[in-house]
Amino acid sequence: MANGYFQFKQFTVQQDQCAMKVCTDACILGAWFAAKTANYTTVLDIGAGTGLLSLMLAQKSDSEIHGIELDLGAYKQLKENVQSSIWKERIKVFPGDARTYSFPIKYDFIITNPPFFENDLASATEGEQLAKHSKELTLEELITVIARSLEPHGSFGILLPYQRWEYFNTLATGKDFSLLENLLVRQTPAHPFFRSILHYSRNNDNFSPSFELTIKGEDGNYTEDFVELMKDYYLYL
């Protein structure tokens, strides 16, 4: 990968103006939900960054997709990436703060990859550190935005560090959301889980299966499950 851009099979992500670069776990997030959300009519990408998730979902659906980005440098690049894609007529992006932005509609599906830091658990309490993890949008604020922006029948997906999913689950259930599924991601069989991809709706059927995804096997090659998930996106799969 060249530092300035990431080339996928059907689109290119320019990223030199964005703090959050294309990374494997974000790609997993997009691919995991792309097939699941193909029948949703409207989608919102909160903190759209480069536009990676919007573009991945657009590739697998006919949905109208909206993205919002607070950072103006990232927003400029987001807009350019969308405009250079073949789905530019279906993707609209807004500059602004999701906490205060007046979205034109409510959405069938919301996807988000909120910012976090690898060493963000050093504070005395988890709650203290979670409140500090982002100057722009805390997880408490994020779930409030999702709750008011989502259609009653809708669902949402989020990527989090593995050690924070239970905390977020408490926030989500406090807003009357129920966990539909939890994808646990690890680098290799020898590594612990490091990411959790969560899927929520307001329908409580008391069944929330967990799935596991290992990116690379002991031989250093991508696993069959990872290849199957990413083969429509990554150039060399």
# chains A, B, ... in the order shown; residues from 1 in each chain; ligands from 1

call {"tool": "residues_around", "arguments": {"residues": "stretch 165-182 of chain A", "least_positions_apart": "2", "cutoff": "6 Å", "atoms": "only C-alpha atoms", "output": "MDAnalysis selection string"}}
result
chainID A and resid 162:163 197:202 204 208:210

call {"tool": "write_last_selection", "arguments": {"atoms": "all heavy atoms", "output": "CSV table (one decimal), in the first residue's frame"}}
result
chain,number,residue,atom,x,y,z
A,162,TYR,N,-11.7,-4.7,21.6
A,162,TYR,CA,-12.4,-5.8,22.2
A,162,TYR,C,-12.7,-5.6,23.7
A,162,TYR,O,-13.8,-5.9,24.2
A,162,TYR,CB,-11.5,-7.1,22.1
A,162,TYR,CG,-12.0,-8.2,22.9
A,162,TYR,CD1,-13.1,-9.0,22.4
A,162,TYR,CD2,-11.4,-8.6,24.1
A,162,TYR,CE1,-13.6,-10.1,23.2
A,162,TYR,CE2,-11.9,-9.7,24.8
A,162,TYR,CZ,-13.0,-10.4,24.4
A,162,TYR,OH,-13.4,-11.4,25.1
A,163,GLN,N,-11.8,-4.9,24.4
A,163,GLN,CA,-12.0,-4.7,25.8
A,163,GLN,C,-13.0,-3.7,26.2
A,163,GLN,O,-13.4,-3.5,27.3
A,163,GLN,CB,-10.6,-4.3,26.5
A,163,GLN,CG,-10.1,-3.0,26.1
A,163,GLN,CD,-9.1,-3.0,24.9
A,163,GLN,OE1,-9.2,-4.0,24.1
A,163,GLN,NE2,-8.2,-2.1,24.8
A,197,ILE,N,-16.8,-6.3,16.6
A,197,ILE,CA,-17.7,-5.7,15.7
A,197,ILE,C,-19.1,-6.1,16.1
A,197,ILE,O,-19.5,-7.3,16.1
A,197,ILE,CB,-17.4,-6.1,14.2
A,197,ILE,CG1,-16.1,-5.5,13.8
A,197,ILE,CG2,-18.6,-5.6,13.3
A,197,ILE,CD1,-15.6,-6.0,12.4
A,198,LEU,N,-19.9,-5.1,16.5
A,198,LEU,CA,-21.2,-5.3,17.1
A,198,LEU,C,-22.3,-4.9,16.2
A,198,LEU,O,-22.3,-3.8,15.5
A,198,LEU,CB,-21.3,-4.5,18.4
A,198,LEU,CG,-20.1,-4.8,19.4
A,198,LEU,CD1,-20.1,-3.7,20.5
A,198,LEU,CD2,-20.2,-6.2,20.0
A,199,HIS,N,-23.4,-5.6,16.2
A,199,HIS,CA,-24.6,-5.3,15.4
A,199,HIS,C,-25.8,-5.3,16.3
A,199,HIS,O,-26.1,-6.2,17.1
A,199,HIS,CB,-24.8,-6.4,14.4
A,199,HIS,CG,-25.8,-6.2,13.3
A,199,HIS,ND1,-26.3,-7.1,12.4
A,199,HIS,CD2,-26.6,-5.0,13.1
A,199,HIS,CE1,-27.2,-6.6,11.7
A,199,HIS,NE2,-27.4,-5.3,12.0
A,200,TYR,N,-26.5,-4.2,16.3
A,200,TYR,CA,-27.7,-3.9,17.2
A,200,TYR,C,-28.9,-3.6,16.5
A,200,TYR,O,-28.9,-3.0,15.4
A,200,TYR,CB,-27.4,-2.7,18.1
A,200,TYR,CG,-26.3,-3.0,19.2
A,200,TYR,CD1,-25.0,-2.8,19.0
A,200,TYR,CD2,-26.7,-3.5,20.5
A,200,TYR,CE1,-24.0,-3.0,20.0
A,200,TYR,CE2,-25.8,-3.8,21.4
A,200,TYR,CZ,-24.4,-3.5,21.2
A,200,TYR,OH,-23.5,-3.7,22.2
A,201,SER,N,-30.1,-3.9,17.1
A,201,SER,CA,-31.4,-3.4,16.6
A,201,SER,C,-32.2,-3.2,17.9
A,201,SER,O,-31.8,-3.4,19.0
A,201,SER,CB,-32.0,-4.3,15.7
A,201,SER,OG,-32.6,-5.4,16.4
A,202,ARG,N,-33.5,-2.7,17.7
A,202,ARG,CA,-34.4,-2.5,18.8
A,202,ARG,C,-35.2,-3.8,19.0
A,202,ARG,O,-36.1,-3.8,19.9
A,202,ARG,CB,-35.3,-1.3,18.6
A,202,ARG,CG,-34.5,0.0,18.6
A,202,ARG,CD,-35.4,1.2,18.6
A,202,ARG,NE,-34.8,2.5,18.8
A,202,ARG,CZ,-34.4,3.3,17.8
A,202,ARG,NH1,-34.6,2.9,16.5
A,202,ARG,NH2,-33.8,4.4,18.0
A,204,ASN,N,-35.7,-7.3,20.4
A,204,ASN,CA,-35.1,-8.1,21.4
A,204,ASN,C,-35.6,-9.6,21.3
A,204,ASN,O,-36.7,-9.9,21.7
A,204,ASN,CB,-35.4,-7.6,22.8
A,204,ASN,CG,-34.7,-8.3,23.9
A,204,ASN,OD1,-33.9,-9.2,23.6
A,204,ASN,ND2,-34.9,-8.0,25.1
A,208,SER,N,-28.0,-13.6,20.7
A,208,SER,CA,-26.9,-12.8,20.1
A,208,SER,C,-25.7,-13.6,20.0
A,208,SER,O,-24.8,-13.6,20.8
A,208,SER,CB,-26.6,-11.6,21.0
A,208,SER,OG,-26.4,-12.0,22.3
A,209,PRO,N,-25.6,-14.3,18.9
A,209,PRO,CA,-24.4,-15.2,18.7
A,209,PRO,C,-23.1,-14.5,18.5
A,209,PRO,O,-23.1,-13.3,18.0
A,209,PRO,CB,-24.8,-16.0,17.4
A,209,PRO,CG,-25.7,-15.1,16.7
A,209,PRO,CD,-26.5,-14.3,17.7
A,210,SER,N,-22.0,-15.1,18.9
A,210,SER,CA,-20.7,-14.6,18.7
A,210,SER,C,-20.0,-15.4,17.6
A,210,SER,O,-20.2,-16.6,17.5
A,210,SER,CB,-19.9,-14.6,20.0
A,210,SER,OG,-20.3,-13.7,20.9

call {"tool": "residues_around", "arguments": {"residues": "A:Val43", "least_positions_apart": "5", "cutoff": "7 Å", "atoms": "only C-alpha atoms", "output": "list in words"}}
result
Ser63, Glu64, Ile65, His66, Tyr107, Asp108, Phe109 and Ile110 of chain A

call {"tool": "residues_around", "arguments": {"residues": "stretch 77-87 of chain A", "least_positions_apart": "6", "cutoff": "9 Å", "atoms": "only C-alpha atoms", "output": "PyMOL selection string"}}
result
chain A and resi 10-18+48-52+54-55+58-59+67+69+93-94

call {"tool": "residues_around", "arguments": {"residues": "A:Lys9", "least_positions_apart": "6", "cutoff": "9 Å", "atoms": "only C-alpha atoms", "output": "PyMOL selection string"}}
result
chain A and resi 232-236

call {"tool": "write_last_selection", "arguments": {"atoms": "N, CA, C and O atoms", "output": "mmCIF file, in the first residue's frame"}}
result
data_model
loop_
_atom_site.group_PDB
_atom_site.id
_atom_site.type_symbol
_atom_site.label_atom_id
_atom_site.label_comp_id
_atom_site.auth_asym_id
_atom_site.auth_seq_id
_atom_site.Cartn_x
_atom_site.Cartn_y
_atom_site.Cartn_z
ATOM 1 N N ASP A 232 -14.032 -9.608 -2.558
ATOM 2 C CA ASP A 232 -14.657 -8.668 -3.485
ATOM 3 C C ASP A 232 -14.055 -7.271 -3.402
ATOM 4 O O ASP A 232 -14.401 -6.404 -4.212
ATOM 5 N N TYR A 233 -13.154 -7.052 -2.444
ATOM 6 C CA TYR A 233 -12.592 -5.733 -2.211
ATOM 7 C C TYR A 233 -11.079 -5.666 -2.437
ATOM 8 O O TYR A 233 -10.584 -4.803 -3.138
ATOM 9 N N TYR A 234 -10.334 -6.576 -1.845
ATOM 10 C CA TYR A 234 -8.874 -6.516 -1.922
ATOM 11 C C TYR A 234 -8.392 -6.929 -3.312
ATOM 12 O O TYR A 234 -8.856 -7.920 -3.865
ATOM 13 N N LEU A 235 -7.440 -6.198 -3.822
ATOM 14 C CA LEU A 235 -6.955 -6.403 -5.185
ATOM 15 C C LEU A 235 -6.392 -7.806 -5.421
ATOM 16 O O LEU A 235 -6.622 -8.408 -6.453
ATOM 17 N N TYR A 236 -5.655 -8.329 -4.476
ATOM 18 C CA TYR A 236 -4.879 -9.551 -4.724
ATOM 19 C C TYR A 236 -5.449 -10.775 -4.048
ATOM 20 O O TYR A 236 -4.731 -11.723 -3.742
#

call {"tool": "select_by_dssp", "arguments": {"residues": "chain A", "states": "strand (DSSP E)", "output": "VMD selection string"}}
result
chain A and resid 5 to 7 12 to 14 42 to 46 64 to 69 91 to 95 107 to 112 150 to 161 178 to 186 193 to 201 210 to 214

call {"tool": "select_by_dssp", "arguments": {"residues": "stretch 58-234 of chain A", "states": "alpha helix (DSSP H)", "output": "NGL selection string"}}
result
:A and (58-59 or 72-83 or 126-132 or 139-149 or 165-174 or 224-230)

call {"tool": "residues_around", "arguments": {"residues": "A:Leu142", "least_positions_apart": "2", "cutoff": "9 Å", "atoms": "only C-alpha atoms", "output": "list in words"}}
result
Ile46, Ala98, Arg99, Pro114, Leu137, Thr138, Leu139, Glu140, Thr144, Val145, Ile146 and Ala147 of chain A
